[in-house]
Structures are given as C-alpha cells and as structure tokens.
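target-v9.cif (mmCIF, N, CA and C atoms and all ligand atoms) appears below.
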```cif
data_query
#
loop_
_atom_site.label_atom_id
_atom_site.label_comp_id
_atom_site.auth_asym_id
_atom_site.auth_seq_id
_atom_site.Cartn_x
_atom_site.Cartn_y
_atom_site.Cartn_z
N MET Q 71 -24.41 -35.64 28.81
CA MET Q 71 -24.72 -35.20 30.17
C MET Q 71 -24.71 -33.68 30.25
N ASN Q 72 -25.72 -33.12 30.88
CA ASN Q 72 -25.71 -31.69 31.12
C ASN Q 72 -24.84 -31.36 32.32
N ALA Q 73 -23.91 -30.43 32.12
CA ALA Q 73 -23.05 -30.00 33.22
C ALA Q 73 -22.81 -28.50 33.08
N ASP Q 74 -22.55 -27.85 34.20
CA ASP Q 74 -22.33 -26.42 34.16
C ASP Q 74 -21.51 -26.00 35.37
N VAL Q 75 -21.19 -24.72 35.44
CA VAL Q 75 -20.45 -24.21 36.58
C VAL Q 75 -21.21 -23.03 37.17
N LEU Q 76 -21.43 -23.08 38.48
CA LEU Q 76 -22.05 -21.96 39.20
C LEU Q 76 -20.98 -21.22 39.97
N LEU Q 77 -21.21 -19.95 40.21
CA LEU Q 77 -20.26 -19.17 41.01
C LEU Q 77 -20.72 -19.11 42.46
N ALA Q 78 -19.76 -19.14 43.36
CA ALA Q 78 -20.07 -19.02 44.78
C ALA Q 78 -18.95 -18.21 45.44
N ARG Q 79 -19.23 -17.73 46.64
CA ARG Q 79 -18.20 -17.04 47.42
C ARG Q 79 -18.03 -17.72 48.76
N CYS Q 80 -16.80 -17.62 49.27
CA CYS Q 80 -16.50 -18.18 50.58
C CYS Q 80 -17.06 -17.26 51.66
N GLU Q 81 -17.74 -17.83 52.62
CA GLU Q 81 -18.33 -17.00 53.67
C GLU Q 81 -17.26 -16.34 54.53
N ARG Q 82 -16.12 -17.01 54.72
CA ARG Q 82 -15.09 -16.46 55.59
C ARG Q 82 -14.25 -15.40 54.92
N SER Q 83 -13.85 -15.66 53.67
CA SER Q 83 -12.91 -14.76 53.00
C SER Q 83 -13.55 -13.93 51.90
N ALA Q 84 -14.78 -14.27 51.50
CA ALA Q 84 -15.47 -13.65 50.36
C ALA Q 84 -14.80 -13.97 49.03
N ASN Q 85 -13.80 -14.87 49.02
CA ASN Q 85 -13.15 -15.25 47.77
C ASN Q 85 -14.11 -16.04 46.89
N LEU Q 86 -13.91 -15.86 45.59
CA LEU Q 86 -14.76 -16.51 44.61
C LEU Q 86 -14.36 -17.97 44.41
N TYR Q 87 -15.34 -18.80 44.09
CA TYR Q 87 -15.00 -20.14 43.62
C TYR Q 87 -16.08 -20.65 42.67
N GLY Q 88 -15.73 -21.70 41.95
CA GLY Q 88 -16.66 -22.29 41.00
C GLY Q 88 -17.18 -23.61 41.53
N LEU Q 89 -18.45 -23.88 41.27
CA LEU Q 89 -19.07 -25.15 41.64
C LEU Q 89 -19.44 -25.88 40.36
N ARG Q 90 -18.86 -27.05 40.14
CA ARG Q 90 -19.25 -27.82 38.97
C ARG Q 90 -20.49 -28.64 39.31
N ILE Q 91 -21.50 -28.54 38.46
CA ILE Q 91 -22.74 -29.27 38.70
C ILE Q 91 -23.07 -30.13 37.48
N GLU Q 92 -23.72 -31.23 37.71
CA GLU Q 92 -24.16 -32.07 36.59
C GLU Q 92 -25.56 -32.61 36.85
N GLU Q 93 -26.28 -32.82 35.76
CA GLU Q 93 -27.66 -33.27 35.87
C GLU Q 93 -27.73 -34.79 35.88
N ARG Q 94 -28.43 -35.33 36.87
CA ARG Q 94 -28.70 -36.76 36.92
C ARG Q 94 -30.21 -36.95 36.91
N SER Q 95 -30.65 -38.18 36.96
CA SER Q 95 -32.08 -38.44 36.74
C SER Q 95 -32.97 -37.79 37.79
N ASP Q 96 -32.49 -37.67 39.03
CA ASP Q 96 -33.37 -37.16 40.09
C ASP Q 96 -33.12 -35.71 40.48
N ALA Q 97 -31.95 -35.18 40.16
CA ALA Q 97 -31.64 -33.81 40.58
C ALA Q 97 -30.33 -33.37 39.91
N TRP Q 98 -29.96 -32.12 40.16
CA TRP Q 98 -28.62 -31.66 39.80
C TRP Q 98 -27.71 -31.90 40.99
N TYR Q 99 -26.49 -32.36 40.72
CA TYR Q 99 -25.54 -32.64 41.78
C TYR Q 99 -24.31 -31.75 41.67
N THR Q 100 -23.82 -31.30 42.82
CA THR Q 100 -22.58 -30.55 42.86
C THR Q 100 -21.44 -31.54 43.05
N THR Q 101 -20.56 -31.62 42.07
CA THR Q 101 -19.55 -32.67 42.11
C THR Q 101 -18.15 -32.16 42.42
N TRP Q 102 -17.90 -30.86 42.22
CA TRP Q 102 -16.54 -30.37 42.37
C TRP Q 102 -16.56 -28.89 42.67
N ALA Q 103 -15.52 -28.40 43.35
CA ALA Q 103 -15.39 -26.96 43.60
C ALA Q 103 -13.95 -26.56 43.39
N PHE Q 104 -13.71 -25.38 42.84
CA PHE Q 104 -12.35 -24.95 42.56
C PHE Q 104 -12.23 -23.44 42.70
N ALA Q 105 -11.09 -23.02 43.22
CA ALA Q 105 -10.83 -21.58 43.40
C ALA Q 105 -10.79 -20.89 42.03
N LEU Q 106 -11.21 -19.65 42.01
CA LEU Q 106 -11.42 -18.95 40.76
C LEU Q 106 -11.22 -17.46 41.02
N ASP Q 107 -10.63 -16.74 40.06
CA ASP Q 107 -10.61 -15.29 40.24
C ASP Q 107 -11.61 -14.64 39.29
N GLN Q 108 -11.90 -13.38 39.57
CA GLN Q 108 -12.96 -12.68 38.84
C GLN Q 108 -12.68 -12.63 37.34
N ARG Q 109 -11.42 -12.44 36.96
CA ARG Q 109 -11.07 -12.34 35.54
C ARG Q 109 -11.37 -13.64 34.81
N ARG Q 110 -10.96 -14.75 35.43
CA ARG Q 110 -11.19 -16.02 34.76
C ARG Q 110 -12.70 -16.33 34.71
N ALA Q 111 -13.41 -15.99 35.77
CA ALA Q 111 -14.86 -16.22 35.80
C ALA Q 111 -15.53 -15.48 34.65
N GLY Q 112 -15.08 -14.26 34.39
CA GLY Q 112 -15.65 -13.48 33.30
C GLY Q 112 -15.29 -14.05 31.94
N ARG Q 113 -14.04 -14.47 31.81
CA ARG Q 113 -13.56 -15.01 30.53
C ARG Q 113 -14.29 -16.30 30.17
N GLU Q 114 -14.53 -17.12 31.17
CA GLU Q 114 -15.20 -18.41 30.92
C GLU Q 114 -16.71 -18.25 30.89
N LYS Q 115 -17.18 -17.04 31.17
CA LYS Q 115 -18.62 -16.75 31.23
C LYS Q 115 -19.32 -17.63 32.27
N TYR Q 116 -18.62 -17.90 33.34
CA TYR Q 116 -19.26 -18.61 34.45
C TYR Q 116 -20.27 -17.68 35.11
N GLY Q 117 -21.25 -18.27 35.71
CA GLY Q 117 -22.17 -17.47 36.50
C GLY Q 117 -23.46 -17.15 35.78
N ASN Q 118 -23.57 -17.57 34.52
CA ASN Q 118 -24.80 -17.31 33.78
C ASN Q 118 -25.83 -18.42 33.96
N ALA Q 119 -25.39 -19.53 34.52
CA ALA Q 119 -26.30 -20.67 34.65
C ALA Q 119 -27.37 -20.39 35.69
N VAL Q 120 -28.58 -20.79 35.37
CA VAL Q 120 -29.68 -20.71 36.33
C VAL Q 120 -30.27 -22.10 36.46
N ILE Q 121 -30.22 -22.64 37.66
CA ILE Q 121 -30.73 -23.98 37.90
C ILE Q 121 -31.99 -23.87 38.73
N ASN Q 122 -33.11 -24.25 38.14
CA ASN Q 122 -34.38 -24.19 38.86
C ASN Q 122 -34.80 -25.57 39.33
N ALA Q 123 -33.83 -26.33 39.74
CA ALA Q 123 -34.13 -27.69 40.20
C ALA Q 123 -33.43 -27.90 41.53
N LEU Q 124 -33.76 -29.01 42.15
CA LEU Q 124 -33.11 -29.35 43.40
C LEU Q 124 -31.61 -29.56 43.16
N LEU Q 125 -30.81 -28.97 44.02
CA LEU Q 125 -29.36 -29.10 43.90
C LEU Q 125 -28.85 -29.89 45.10
N ARG Q 126 -28.20 -31.01 44.82
CA ARG Q 126 -27.72 -31.86 45.91
C ARG Q 126 -26.21 -31.95 45.86
N LEU Q 127 -25.62 -32.34 46.97
CA LEU Q 127 -24.17 -32.52 47.03
C LEU Q 127 -23.83 -33.97 46.71
N ASP Q 128 -22.93 -34.14 45.76
CA ASP Q 128 -22.41 -35.48 45.49
C ASP Q 128 -21.58 -35.94 46.68
N GLU Q 129 -21.51 -37.24 46.90
CA GLU Q 129 -20.75 -37.73 48.07
C GLU Q 129 -19.28 -37.36 48.00
N GLY Q 130 -18.76 -37.17 46.81
CA GLY Q 130 -17.35 -36.81 46.66
C GLY Q 130 -17.09 -35.33 46.63
N PHE Q 131 -18.12 -34.53 46.87
CA PHE Q 131 -17.94 -33.07 46.81
C PHE Q 131 -16.88 -32.63 47.82
N PRO Q 132 -15.85 -31.90 47.36
CA PRO Q 132 -14.72 -31.58 48.24
C PRO Q 132 -14.97 -30.40 49.18
N GLY Q 133 -16.05 -29.66 49.00
CA GLY Q 133 -16.29 -28.50 49.85
C GLY Q 133 -15.65 -27.25 49.30
N CYS Q 134 -15.80 -26.17 50.06
CA CYS Q 134 -15.26 -24.87 49.62
C CYS Q 134 -13.73 -24.95 49.50
N PRO Q 135 -13.17 -24.51 48.36
CA PRO Q 135 -11.72 -24.60 48.17
C PRO Q 135 -10.94 -23.61 49.04
N HIS Q 136 -11.63 -22.66 49.67
CA HIS Q 136 -10.94 -21.67 50.51
C HIS Q 136 -10.96 -22.04 51.98
N CYS Q 137 -12.10 -22.54 52.48
CA CYS Q 137 -12.19 -22.82 53.92
C CYS Q 137 -12.66 -24.25 54.21
N GLU Q 138 -12.94 -25.04 53.16
CA GLU Q 138 -13.34 -26.44 53.30
C GLU Q 138 -14.72 -26.64 53.91
N ALA Q 139 -15.52 -25.58 53.99
CA ALA Q 139 -16.91 -25.75 54.42
C ALA Q 139 -17.59 -26.74 53.49
N GLY Q 140 -18.36 -27.66 54.06
CA GLY Q 140 -18.88 -28.76 53.27
C GLY Q 140 -20.12 -28.47 52.45
N SER Q 141 -20.70 -27.31 52.62
CA SER Q 141 -21.94 -27.02 51.93
C SER Q 141 -21.97 -25.56 51.50
N PHE Q 142 -23.14 -25.12 51.03
CA PHE Q 142 -23.30 -23.72 50.65
C PHE Q 142 -24.77 -23.38 50.75
N VAL Q 143 -25.05 -22.09 50.79
CA VAL Q 143 -26.41 -21.61 50.95
C VAL Q 143 -26.74 -20.68 49.80
N LYS Q 144 -27.95 -20.82 49.29
CA LYS Q 144 -28.45 -19.90 48.27
C LYS Q 144 -29.14 -18.75 48.99
N CYS Q 145 -28.65 -17.54 48.74
CA CYS Q 145 -29.19 -16.35 49.41
C CYS Q 145 -30.67 -16.16 49.08
N GLY Q 146 -31.46 -15.88 50.11
CA GLY Q 146 -32.89 -15.67 49.90
C GLY Q 146 -33.20 -14.34 49.25
N ILE Q 147 -32.24 -13.44 49.19
CA ILE Q 147 -32.46 -12.12 48.60
C ILE Q 147 -31.88 -12.04 47.18
N CYS Q 148 -30.58 -12.32 47.03
CA CYS Q 148 -29.95 -12.15 45.73
C CYS Q 148 -29.80 -13.46 44.97
N ALA Q 149 -30.12 -14.58 45.60
CA ALA Q 149 -30.11 -15.91 44.98
C ALA Q 149 -28.72 -16.41 44.62
N ARG Q 150 -27.67 -15.74 45.09
CA ARG Q 150 -26.32 -16.21 44.82
C ARG Q 150 -25.87 -17.15 45.94
N LEU Q 151 -24.78 -17.87 45.66
CA LEU Q 151 -24.33 -18.91 46.58
C LEU Q 151 -23.13 -18.46 47.42
N THR Q 152 -23.18 -18.78 48.69
CA THR Q 152 -22.06 -18.53 49.61
C THR Q 152 -21.86 -19.80 50.42
N CYS Q 153 -20.59 -20.15 50.66
CA CYS Q 153 -20.33 -21.42 51.34
C CYS Q 153 -20.87 -21.41 52.77
N TRP Q 154 -20.95 -22.59 53.36
CA TRP Q 154 -21.60 -22.76 54.66
C TRP Q 154 -21.08 -24.04 55.30
N ASP Q 155 -20.69 -23.95 56.55
CA ASP Q 155 -20.15 -25.13 57.21
C ASP Q 155 -21.21 -25.89 58.01
N GLY Q 156 -22.46 -25.41 57.96
CA GLY Q 156 -23.54 -26.13 58.60
C GLY Q 156 -23.66 -25.89 60.10
N GLY Q 157 -22.87 -24.99 60.64
CA GLY Q 157 -22.92 -24.72 62.07
C GLY Q 157 -24.21 -24.04 62.48
N ALA Q 158 -24.51 -24.09 63.77
CA ALA Q 158 -25.72 -23.46 64.29
C ALA Q 158 -25.45 -21.99 64.59
N ARG Q 159 -25.43 -21.21 63.55
CA ARG Q 159 -25.15 -19.80 63.72
C ARG Q 159 -25.71 -19.06 62.51
N VAL Q 160 -25.56 -17.76 62.53
CA VAL Q 160 -26.07 -16.94 61.44
C VAL Q 160 -25.11 -17.00 60.24
N TRP Q 161 -25.70 -17.19 59.09
CA TRP Q 161 -24.95 -17.21 57.84
C TRP Q 161 -25.02 -15.83 57.19
N ARG Q 162 -23.94 -15.44 56.51
CA ARG Q 162 -23.92 -14.15 55.83
C ARG Q 162 -23.66 -14.32 54.34
N CYS Q 163 -24.46 -13.67 53.53
CA CYS Q 163 -24.22 -13.61 52.08
C CYS Q 163 -23.01 -12.72 51.84
N ARG Q 164 -22.04 -13.20 51.03
CA ARG Q 164 -20.83 -12.43 50.80
C ARG Q 164 -20.79 -11.76 49.43
N TRP Q 165 -21.95 -11.69 48.79
CA TRP Q 165 -22.00 -11.01 47.50
C TRP Q 165 -22.36 -9.55 47.73
N SER Q 166 -21.50 -8.68 47.27
CA SER Q 166 -21.74 -7.25 47.40
C SER Q 166 -22.71 -6.81 46.30
N PRO Q 167 -23.63 -5.90 46.54
CA PRO Q 167 -23.86 -5.20 47.82
C PRO Q 167 -24.89 -5.87 48.71
N CYS Q 168 -25.18 -7.12 48.50
CA CYS Q 168 -26.30 -7.76 49.19
C CYS Q 168 -26.09 -7.81 50.71
N ARG Q 169 -25.12 -8.61 51.18
CA ARG Q 169 -24.79 -8.69 52.61
C ARG Q 169 -25.95 -9.14 53.47
N TYR Q 170 -26.88 -9.87 52.90
CA TYR Q 170 -27.99 -10.41 53.68
C TYR Q 170 -27.44 -11.44 54.68
N SER Q 171 -28.09 -11.56 55.82
CA SER Q 171 -27.69 -12.61 56.75
C SER Q 171 -28.92 -13.25 57.38
N GLY Q 172 -28.78 -14.47 57.81
CA GLY Q 172 -29.91 -15.16 58.41
C GLY Q 172 -29.52 -16.58 58.77
N VAL Q 173 -30.49 -17.31 59.31
CA VAL Q 173 -30.24 -18.71 59.65
C VAL Q 173 -30.78 -19.56 58.49
N PRO Q 174 -29.93 -20.38 57.87
CA PRO Q 174 -30.37 -21.18 56.72
C PRO Q 174 -31.53 -22.10 57.08
N SER Q 175 -32.45 -22.26 56.12
CA SER Q 175 -33.60 -23.12 56.35
C SER Q 175 -34.09 -23.67 55.03
N GLY Q 176 -35.16 -24.46 55.08
CA GLY Q 176 -35.78 -24.96 53.86
C GLY Q 176 -34.93 -25.98 53.15
N GLN Q 177 -34.84 -25.84 51.85
CA GLN Q 177 -34.17 -26.84 51.01
C GLN Q 177 -32.72 -27.04 51.42
N ILE Q 178 -32.14 -26.02 52.02
CA ILE Q 178 -30.75 -26.09 52.44
C ILE Q 178 -30.52 -27.27 53.38
N GLU Q 179 -31.55 -27.65 54.13
CA GLU Q 179 -31.37 -28.75 55.08
C GLU Q 179 -31.01 -30.05 54.39
N SER Q 180 -31.53 -30.24 53.21
CA SER Q 180 -31.16 -31.45 52.49
C SER Q 180 -29.69 -31.39 52.09
N PHE Q 181 -29.18 -30.20 51.85
CA PHE Q 181 -27.76 -30.05 51.58
C PHE Q 181 -26.95 -30.50 52.78
N HIS Q 182 -27.40 -30.12 53.95
CA HIS Q 182 -26.66 -30.49 55.16
C HIS Q 182 -26.56 -32.00 55.30
N GLN Q 183 -27.67 -32.68 55.06
CA GLN Q 183 -27.65 -34.12 55.20
C GLN Q 183 -26.62 -34.76 54.27
N HIS Q 184 -26.59 -34.26 53.05
CA HIS Q 184 -25.64 -34.83 52.11
C HIS Q 184 -24.21 -34.44 52.46
N ALA Q 185 -24.06 -33.24 53.01
CA ALA Q 185 -22.73 -32.77 53.35
C ALA Q 185 -22.13 -33.60 54.48
N ASP Q 186 -22.97 -34.20 55.29
CA ASP Q 186 -22.47 -34.96 56.43
C ASP Q 186 -21.93 -36.34 56.04
N VAL Q 187 -22.24 -36.76 54.83
CA VAL Q 187 -21.82 -38.11 54.40
C VAL Q 187 -20.31 -38.22 54.41
ZN ZN O 201 -15.51 -21.09 52.28
ZN ZN O 202 -27.34 -12.20 48.90
#
```
Please render this file's structure as structure tokens.
Amino acid sequence: MNADVLLARCERSANLYGLRIEERSDAWYTTWAFALDQRRAGREKYGNAVINALLRLDEGFPGCPHCEAGSFVKCGICARLTCWDGGARVWRCRWSPCRYSGVPSGQIESFHQHADV
C-alpha cells in the first residue's frame, strides 16, 4: 500500500501537524493526524510528498490535533494545507509568508461532505 505524510498547519494556532494519507483504488484518503514540531518534521523528511490526486477524508479521520477541525484546505496560492472547520467564513492560510485568505471552494467541498460523516 502506498502511504505518506503531508504537513499541515492549524488555522487557529498555526501549529504544525502531520496528515497520514494512503492510496486506495479510487483516491488518496487521509486516515490520521498527529501533532508535530518543526524539528521532527525535518528529521523525518515530511512535507516532500506531492499528491496530484483527489484527497478524501477517511470516516475515521480524527481532525486537526490542535483544534479538532474536521477538515483542511489546500491553499490556492502556496498549495500547502491548513485546517478548516467548514464554517461559513473566511479561511486563512497559516503558512508564512503566504497568509492568503479566502472562502474555500471547488474540490474542498467534497472534503466537507466527508468531514460531516
Ligand atoms: Zn486546527
Ligand atoms: Zn498559502
């Protein structure tokens, strides 16, 4: 089975976390999330993975380990991930120096549906 870890940041605290993903027949699924510090992320070489496929949330996905937001958004500018609770409000990218903000749309909506399970 192909599996990897992506890096994400918490929208509320900007703290780093890891997203474990695995490949299944129809898409890549996010199965687990865990708090992570910058040193360990570097040591494990996390963050080098590039997934050019649909990313879905597994039903058991625990959400952001810092604020429990059930989903995450891929930034339209820097392409990095920041957690997202799915609320009707503006989302902010927490990767410096990007700081892009906007209302999530597009493929992210399928994330929301899965996050609601
Ligand atoms: Zn969070
Ligand atoms: Zn960004």
Between atom N of Q:Trp154 and atom C of Q:Phe142, distance in Å (one decimal): 4.7 Å
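Counting only C-alpha atoms and comparing Q:Tyr87, Q:Trp102, Q:Tyr116, Q:Trp161, the residue that lies closest to Q:Pro132 is Q:Trp102.
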Report as JSON lines: every residue of chain Q with an atom at most 6.5 Å from ligand ZN 202 (chain O), its closest pair of atoms, and their distance in Å to one decimal, counting only N, CA and C atoms and all ligand atoms, with rows sorted by chain and ascending residue number.
```
{"residue": "Q:Cys145", "atom": "CA", "partner": "O:ZN202", "partner_atom": "ZN", "distance": 4.6}
{"residue": "Q:Gly146", "atom": "N", "partner": "O:ZN202", "partner_atom": "ZN", "distance": 5.7}
{"residue": "Q:Ile147", "atom": "C", "partner": "O:ZN202", "partner_atom": "ZN", "distance": 4.9}
{"residue": "Q:Cys148", "atom": "N", "partner": "O:ZN202", "partner_atom": "ZN", "distance": 3.7}
{"residue": "Q:Ala149", "atom": "N", "partner": "O:ZN202", "partner_atom": "ZN", "distance": 4.9}
{"residue": "Q:Arg150", "atom": "N", "partner": "O:ZN202", "partner_atom": "ZN", "distance": 5.2}
{"residue": "Q:Cys163", "atom": "CA", "partner": "O:ZN202", "partner_atom": "ZN", "distance": 4.7}
{"residue": "Q:Arg164", "atom": "N", "partner": "O:ZN202", "partner_atom": "ZN", "distance": 5.8}
{"residue": "Q:Trp165", "atom": "N", "partner": "O:ZN202", "partner_atom": "ZN", "distance": 5.4}
{"residue": "Q:Cys168", "atom": "CA", "partner": "O:ZN202", "partner_atom": "ZN", "distance": 4.6}
{"residue": "Q:Arg169", "atom": "N", "partner": "O:ZN202", "partner_atom": "ZN", "distance": 4.8}
{"residue": "Q:Tyr170", "atom": "N", "partner": "O:ZN202", "partner_atom": "ZN", "distance": 4.7}
```
Please identify all polymer residues lying at most 9 Å from the point (-19.8, -25.1, 40.5) (file coordinates), using only C-alpha atoms, and present the result as an mmCIF file with N, CA and C atoms, keeping the file's coordinate frame.
```
data_model
loop_
_atom_site.group_PDB
_atom_site.id
_atom_site.type_symbol
_atom_site.label_atom_id
_atom_site.label_comp_id
_atom_site.auth_asym_id
_atom_site.auth_seq_id
_atom_site.Cartn_x
_atom_site.Cartn_y
_atom_site.Cartn_z
ATOM 1 N N ASP Q 74 -22.550 -27.850 34.200
ATOM 2 C CA ASP Q 74 -22.330 -26.420 34.160
ATOM 3 C C ASP Q 74 -21.510 -26.000 35.370
ATOM 4 N N VAL Q 75 -21.190 -24.720 35.440
ATOM 5 C CA VAL Q 75 -20.450 -24.210 36.580
ATOM 6 C C VAL Q 75 -21.210 -23.030 37.170
ATOM 7 N N LEU Q 76 -21.430 -23.080 38.480
ATOM 8 C CA LEU Q 76 -22.050 -21.960 39.200
ATOM 9 C C LEU Q 76 -20.980 -21.220 39.970
ATOM 10 N N LEU Q 77 -21.210 -19.950 40.210
ATOM 11 C CA LEU Q 77 -20.260 -19.170 41.010
ATOM 12 C C LEU Q 77 -20.720 -19.110 42.460
ATOM 13 N N ALA Q 78 -19.760 -19.140 43.360
ATOM 14 C CA ALA Q 78 -20.070 -19.020 44.780
ATOM 15 C C ALA Q 78 -18.950 -18.210 45.440
ATOM 16 N N TYR Q 87 -15.340 -18.800 44.090
ATOM 17 C CA TYR Q 87 -15.000 -20.140 43.620
ATOM 18 C C TYR Q 87 -16.080 -20.650 42.670
ATOM 19 N N GLY Q 88 -15.730 -21.700 41.950
ATOM 20 C CA GLY Q 88 -16.660 -22.290 41.000
ATOM 21 C C GLY Q 88 -17.180 -23.610 41.530
ATOM 22 N N LEU Q 89 -18.450 -23.880 41.270
ATOM 23 C CA LEU Q 89 -19.070 -25.150 41.640
ATOM 24 C C LEU Q 89 -19.440 -25.880 40.360
ATOM 25 N N ARG Q 90 -18.860 -27.050 40.140
ATOM 26 C CA ARG Q 90 -19.250 -27.820 38.970
ATOM 27 C C ARG Q 90 -20.490 -28.640 39.310
ATOM 28 N N ILE Q 91 -21.500 -28.540 38.460
ATOM 29 C CA ILE Q 91 -22.740 -29.270 38.700
ATOM 30 C C ILE Q 91 -23.070 -30.130 37.480
ATOM 31 N N THR Q 100 -23.820 -31.300 42.820
ATOM 32 C CA THR Q 100 -22.580 -30.550 42.860
ATOM 33 C C THR Q 100 -21.440 -31.540 43.050
ATOM 34 N N THR Q 101 -20.560 -31.620 42.070
ATOM 35 C CA THR Q 101 -19.550 -32.670 42.110
ATOM 36 C C THR Q 101 -18.150 -32.160 42.420
ATOM 37 N N TRP Q 102 -17.900 -30.860 42.220
ATOM 38 C CA TRP Q 102 -16.540 -30.370 42.370
ATOM 39 C C TRP Q 102 -16.560 -28.890 42.670
ATOM 40 N N ALA Q 103 -15.520 -28.400 43.350
ATOM 41 C CA ALA Q 103 -15.390 -26.960 43.600
ATOM 42 C C ALA Q 103 -13.950 -26.560 43.390
ATOM 43 N N PHE Q 104 -13.710 -25.380 42.840
ATOM 44 C CA PHE Q 104 -12.350 -24.950 42.560
ATOM 45 C C PHE Q 104 -12.230 -23.440 42.700
ATOM 46 N N TYR Q 116 -18.620 -17.900 33.340
ATOM 47 C CA TYR Q 116 -19.260 -18.610 34.450
ATOM 48 C C TYR Q 116 -20.270 -17.680 35.110
ATOM 49 N N GLY Q 117 -21.250 -18.270 35.710
ATOM 50 C CA GLY Q 117 -22.170 -17.470 36.500
ATOM 51 C C GLY Q 117 -23.460 -17.150 35.780
#
```
Name the closest residue to ligand ZN 201 (chain O) among the candidates Q:Gly172, Q:Gly157, Q:Pro167, Q:Pro135; distances are taken between atoms, counting only N, CA and C atoms and all ligand atoms.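 Among the listed residues, the smallest separation from ligand ZN 201 (chain O) belongs to Q:Pro135.
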